[in-house]
Amino acid sequence: MLIAFFRTVILYLLIVIGIRLMGKRQVGELEPAELVLAMLLSDLAAVPMQDFGIPLIYGLIPIVTLLALTMLLSVLTLKSLRFRRLLCGRPSIVVRQGVILQQELSRTRMTPEELMEELRLQGISDLRQVNYAILETSGQLSVLLRARAQPVTPADLGQEPEEAGLPLTIINQGLVFTDNLSRRGLDQRWLARELSSRGFRSPREVFFMTVDEAGNVCCMAKEEGK
Amino acid sequence: MRRIVIPLLLLTGICLAGSWNLTFLRGHVRSLSALLEQAEAAAGAEDWPRAEALTQQAQQLWQAKRSYICIVLHQDQIEEADASFHSVLAFIRWQELPEYTSSNALLLAQLEHLWAAELFTAENLF
């Protein structure tokens, strides 16, 4: 039991350090400690599940130890900025005003092709459009466009469009969601009127229908034969 | 503060439970070993009935804590010790001193290994 506990502590810390040293690109969306937990938990649970010769406690102790260590590390990263930097690293600026910062890029072990691929995924093909590209500690690339490359917003045009708010599903594949209907302050009579104005005789003919906070209706008919 | 106390309590709890388990196993194995060593001395003095009684007493003691031992030790270690108890008792009944001595030594080593494997040493850790 005691040996299982200390072995878990040693291996967990070793893998966290290993993942941290591998750099941000390998981490993905998780923090290093969370990634290690995800990697180890499934295996730990599977071994005593399959091998009846191993006591269940040999699976439970490492799992509880890992969960406690992850909780501890997450509290420490919240409390101490220095510890957070040590465990998770810090964001790296890889592009500044359209220029790739080569030293920083190589420090993060990211190739220019990978950087361009990430930018293309965000709909940017021209590096000159980028004001800052920052590789976050989670491994994701945040891109801040130059002012001239940013899309025009209604505020730029001095307009104040009405907020449509969250659309709620009223009909899903012919089934009426009465809860959502009353949440929007509407009733069956309104629904019948709305459907008849769109040429439907029954909700069963509707594939999908939503109503947003401004009362805008989106309605799609079921395809023939469905 | 509570968020840091819960994981610390869990980790401390596991450490304490592990230490208690080690102490329990050591104590249990020492009691068994003492009985088996007395049985070996009795067998050496050709007192086979006493050797058999002491070994049976050790086997009963082993069986009495078997449920707990099954929770904390590997099944194959327990089965090996079970089999050794049976063979030691068989050699006592046949009054075969050399075979009994060797079988009893194997059982003592197996029992010693049960708690020695739990000791907090570099050898066990790595």
# chains A, B, ... in the order shown; residues from 1 in each chain; ligands from 1
>>> interface_residues(of="chain B", to="chain A", cutoff="8 Å", atoms="only C-alpha atoms", output="list in words")
Arg3, Ile4, Ile6, Pro7, Leu8, Leu10, Leu11, Ile14, Cys15, Ala17, Gly18, Ser19, Asn21, Leu22, Cys70, Ile71, Val72, Leu73, His74, Gln75, Asp76, Glu118, Leu119, Phe120, Asn124, Leu125 and Phe126 of chain B
>>> write_last_selection(atoms="C-alpha atoms", output="PDB file, in the first residue's frame")
ATOM      1  CA  ARG B   3      -9.612  23.102  -1.095  1.00  0.00           C
ATOM      2  CA  ILE B   4      -6.059  22.526   0.056  1.00  0.00           C
ATOM      3  CA  ILE B   6      -9.048  17.944   1.465  1.00  0.00           C
ATOM      4  CA  PRO B   7      -6.193  16.684  -0.777  1.00  0.00           C
ATOM      5  CA  LEU B   8      -3.708  16.991   2.092  1.00  0.00           C
ATOM      6  CA  LEU B  10      -6.432  12.327   1.614  1.00  0.00           C
ATOM      7  CA  LEU B  11      -2.679  12.034   1.078  1.00  0.00           C
ATOM      8  CA  ILE B  14      -3.268   7.065   2.611  1.00  0.00           C
ATOM      9  CA  CYS B  15       0.193   7.407   4.188  1.00  0.00           C
ATOM     10  CA  ALA B  17      -3.232   3.624   6.330  1.00  0.00           C
ATOM     11  CA  GLY B  18      -0.150   2.329   4.490  1.00  0.00           C
ATOM     12  CA  SER B  19       1.993   2.606   7.641  1.00  0.00           C
ATOM     13  CA  ASN B  21      -0.939  -1.893   7.145  1.00  0.00           C
ATOM     14  CA  LEU B  22       2.831  -2.399   7.235  1.00  0.00           C
ATOM     15  CA  CYS B  70      -6.881 -10.736   0.530  1.00  0.00           C
ATOM     16  CA  ILE B  71      -7.734  -7.014   0.390  1.00  0.00           C
ATOM     17  CA  VAL B  72      -4.156  -5.780   0.671  1.00  0.00           C
ATOM     18  CA  LEU B  73      -1.985  -8.484  -0.924  1.00  0.00           C
ATOM     19  CA  HIS B  74      -1.758 -10.081  -4.342  1.00  0.00           C
ATOM     20  CA  GLN B  75      -3.791 -13.266  -4.740  1.00  0.00           C
ATOM     21  CA  ASP B  76      -0.814 -15.318  -5.983  1.00  0.00           C
ATOM     22  CA  GLU B 118       5.699  -3.303   1.728  1.00  0.00           C
ATOM     23  CA  LEU B 119       8.773  -1.848   3.484  1.00  0.00           C
ATOM     24  CA  PHE B 120       9.638   1.711   2.498  1.00  0.00           C
ATOM     25  CA  ASN B 124      11.036  -1.720  -3.154  1.00  0.00           C
ATOM     26  CA  LEU B 125      10.405   1.789  -4.415  1.00  0.00           C
ATOM     27  CA  PHE B 126      12.433   1.480  -7.607  1.00  0.00           C
TER      28      PHE B 126
END
>>> residues_around(residues="segment 40-46 of chain B", least_positions_apart="6", cutoff="10 Å", atoms="only C-alpha atoms", output="tab-separated table (two decimals) with N, CA and C atoms, in the first residue's frame")
chain	number	residue	atom	x	y	z
B	34	ALA	N	7.00	-17.14	14.56
B	34	ALA	CA	7.37	-17.66	15.88
B	34	ALA	C	6.79	-19.06	16.08
B	52	GLU	N	3.00	-30.59	14.74
B	52	GLU	CA	1.74	-30.51	13.97
B	52	GLU	C	0.76	-29.52	14.62
B	54	LEU	N	1.43	-26.95	16.55
B	54	LEU	CA	1.90	-25.56	16.40
B	54	LEU	C	1.70	-25.05	14.96
B	55	THR	N	1.95	-25.93	14.00
B	55	THR	CA	1.77	-25.53	12.59
B	55	THR	C	0.28	-25.30	12.29
B	92	ILE	N	4.89	-33.10	7.97
B	92	ILE	CA	4.87	-33.41	9.41
B	92	ILE	C	4.17	-34.75	9.63
B	95	GLN	N	6.27	-37.44	8.79
B	95	GLN	CA	7.47	-37.37	9.64
B	95	GLN	C	8.76	-37.42	8.81
B	96	GLU	N	8.78	-36.63	7.73
B	96	GLU	CA	9.96	-36.54	6.84
B	96	GLU	C	10.70	-35.25	7.21
B	97	LEU	N	11.72	-35.40	8.04
B	97	LEU	CA	12.39	-34.20	8.58
B	97	LEU	C	13.06	-33.32	7.51
B	98	PRO	N	13.88	-33.89	6.60
B	98	PRO	CA	14.55	-32.99	5.63
B	98	PRO	C	13.55	-32.23	4.76
B	100	TYR	N	10.40	-31.65	5.43
B	100	TYR	CA	9.64	-30.71	6.28
B	100	TYR	C	10.45	-29.43	6.51
B	101	THR	N	11.74	-29.60	6.86
B	101	THR	CA	12.59	-28.44	7.16
B	101	THR	C	12.67	-27.51	5.95
B	104	ASN	N	9.23	-25.86	5.39
B	104	ASN	CA	8.96	-24.85	6.43
B	104	ASN	C	9.79	-23.58	6.18
B	105	ALA	N	11.04	-23.78	5.72
B	105	ALA	CA	11.91	-22.62	5.42
B	105	ALA	C	11.30	-21.80	4.28
>>> residues_around(residues="Leu25 of chain B", least_positions_apart="6", cutoff="9 Å", atoms="only C-alpha atoms", output="ChimeraX atom specification")
/B:69,114-115,118
>>> write_last_selection(atoms="N, CA and C atoms", output="mmCIF file, in the first residue's frame")
data_model
loop_
_atom_site.group_PDB
_atom_site.id
_atom_site.type_symbol
_atom_site.label_atom_id
_atom_site.label_comp_id
_atom_site.auth_asym_id
_atom_site.auth_seq_id
_atom_site.Cartn_x
_atom_site.Cartn_y
_atom_site.Cartn_z
ATOM 1 N N ILE B 69 -6.097 -9.851 4.552
ATOM 2 C CA ILE B 69 -4.895 -10.060 3.725
ATOM 3 C C ILE B 69 -5.255 -10.105 2.239
ATOM 4 N N LEU B 114 5.900 -11.199 2.449
ATOM 5 C CA LEU B 114 4.612 -10.494 2.434
ATOM 6 C C LEU B 114 4.741 -9.075 2.979
ATOM 7 N N TRP B 115 5.458 -8.940 4.092
ATOM 8 C CA TRP B 115 5.570 -7.588 4.660
ATOM 9 C C TRP B 115 6.831 -6.870 4.178
ATOM 10 N N GLU B 118 6.401 -4.557 1.405
ATOM 11 C CA GLU B 118 5.699 -3.303 1.728
ATOM 12 C C GLU B 118 6.612 -2.298 2.430
#
>>> atom_distance(atom1="atom CA of Leu60 of chain A", atom2="atom CA of Phe83 of chain A")
28.2 Å
>>> atom_distance(atom1="atom CA of Thr111 of chain A", atom2="atom CA of Leu13 of chain A")
28.6 Å
>>> residues_around(residues="segment 142-150 of chain A", least_positions_apart="6", cutoff="9 Å", atoms="only C-alpha atoms", output="list in words")
Val95, Gln97, Gly98, Leu119, Gln122, Arg128, Gln129, Val130, Asn131, Tyr132, Ala133, Ile134, Leu135 and Glu136 of chain A
>>> write_last_selection(atoms="C-alpha atoms", output="PDB file, in the first residue's frame")
ATOM      1  CA  VAL A  95       4.380  36.769 -34.134  1.00  0.00           C
ATOM      2  CA  GLN A  97       3.380  43.006 -36.058  1.00  0.00           C
ATOM      3  CA  GLY A  98       3.488  40.514 -38.906  1.00  0.00           C
ATOM      4  CA  LEU A 119      -3.248  30.710 -38.705  1.00  0.00           C
ATOM      5  CA  GLN A 122      -8.311  30.706 -37.949  1.00  0.00           C
ATOM      6  CA  ARG A 128       1.103  40.637 -42.394  1.00  0.00           C
ATOM      7  CA  GLN A 129      -2.497  40.783 -41.122  1.00  0.00           C
ATOM      8  CA  VAL A 130      -1.369  39.518 -37.719  1.00  0.00           C
ATOM      9  CA  ASN A 131      -0.553  42.035 -34.998  1.00  0.00           C
ATOM     10  CA  TYR A 132       0.196  39.435 -32.320  1.00  0.00           C
ATOM     11  CA  ALA A 133       0.066  35.627 -32.329  1.00  0.00           C
ATOM     12  CA  ILE A 134       0.410  34.157 -28.860  1.00  0.00           C
ATOM     13  CA  LEU A 135       0.915  30.493 -28.068  1.00  0.00           C
ATOM     14  CA  GLU A 136      -1.078  30.065 -24.866  1.00  0.00           C
TER      15      GLU A 136
END
>>> atom_distance(atom1="atom CA of Arg66 of chain B", atom2="atom CA of Leu111 of chain B")
12.8 Å
>>> select_by_dssp(residues="segment 2-226 of chain A", states="strand (DSSP E)", output="NGL selection string")
:A and (92-96 or 99-100 or 130-135 or 141-145 or 168-172 or 175-176 or 206-211 or 217-221)
>>> closest_residue(among="B:Gln38, B:Ser33, B:Ser102, B:Gln60", to="Val88 of chain B", atoms="only C-alpha atoms")
B:Ser102
>>> residues_around(residues="Met39 of chain A", least_positions_apart="3", cutoff="12 Å", atoms="only C-alpha atoms", output="PDB file with C-alpha atoms, in the first residue's frame")
ATOM      1  CA  TYR A  12       3.030  11.360 -11.415  1.00  0.00           C
ATOM      2  CA  ILE A  15       5.336  12.552 -16.013  1.00  0.00           C
ATOM      3  CA  VAL A  16       4.133  16.098 -15.172  1.00  0.00           C
ATOM      4  CA  ILE A  19       5.002  16.790 -20.264  1.00  0.00           C
ATOM      5  CA  VAL A  27      -0.243  19.670 -24.221  1.00  0.00           C
ATOM      6  CA  LEU A  30      -5.371  20.556 -20.983  1.00  0.00           C
ATOM      7  CA  PRO A  32       0.073  19.415 -17.944  1.00  0.00           C
ATOM      8  CA  ALA A  33      -1.190  18.051 -14.610  1.00  0.00           C
ATOM      9  CA  GLU A  34      -4.675  17.399 -16.043  1.00  0.00           C
ATOM     10  CA  LEU A  35      -3.248  15.711 -19.133  1.00  0.00           C
ATOM     11  CA  VAL A  36      -1.171  13.358 -16.981  1.00  0.00           C
ATOM     12  CA  SER A  42      -7.859   4.885 -17.452  1.00  0.00           C
ATOM     13  CA  ASP A  43      -4.910   2.489 -17.258  1.00  0.00           C
ATOM     14  CA  LEU A  44      -4.968   2.413 -13.484  1.00  0.00           C
ATOM     15  CA  ALA A  45      -8.641   1.539 -13.440  1.00  0.00           C
ATOM     16  CA  ILE A  63      -6.275   6.795  -8.294  1.00  0.00           C
ATOM     17  CA  LEU A  66      -3.502  11.113  -8.299  1.00  0.00           C
TER      18      LEU A  66
END
>>> residues_around(residues="Gly215 of chain A", least_positions_apart="2", cutoff="10 Å", atoms="only C-alpha atoms", output="VMD selection string")
chain A and resid 164 to 165 167 184 186 210 to 213 217 to 218
>>> write_last_selection(atoms="C-alpha atoms", output="compact mmCIF listing (two decimals), in the first residue's frame")
# COMPACT_ATOMS: atom_id res chain seq x y z
CA ALA A 164 -31.61 38.75 -30.73
CA GLY A 165 -30.65 36.79 -27.56
CA PRO A 167 -32.89 31.06 -29.48
CA ARG A 184 -40.71 32.65 -24.14
CA LEU A 186 -45.91 32.06 -25.79
CA THR A 210 -36.67 28.15 -32.71
CA VAL A 211 -37.73 31.50 -31.25
CA ASP A 212 -35.18 34.01 -29.92
CA GLU A 213 -35.63 36.67 -27.25
CA VAL A 217 -38.74 32.66 -35.62
CA CYS A 218 -36.61 30.16 -37.51
>>> closest_residue(among="A:Ile171, A:Ile17, A:Leu191, A:Met209", to="Leu87 of chain A", atoms="only C-alpha atoms")
A:Ile17
>>> residues_around(residues="Gln110 of chain B", least_positions_apart="3", cutoff="8 Å", atoms="only C-alpha atoms", output="ChimeraX atom specification")
/B:77,80-81,106-107,113-114
>>> closest_residue(among="B:Ile78, B:Arg26, B:Ala53, B:Thr12", to="Ala39 of chain B", atoms="only C-alpha atoms")
B:Ala53
>>> closest_residue(among="B:Leu108, B:Ser103, B:Ser31, B:Glu79", to="Ala58 of chain B", atoms="only C-alpha atoms")
B:Ser31
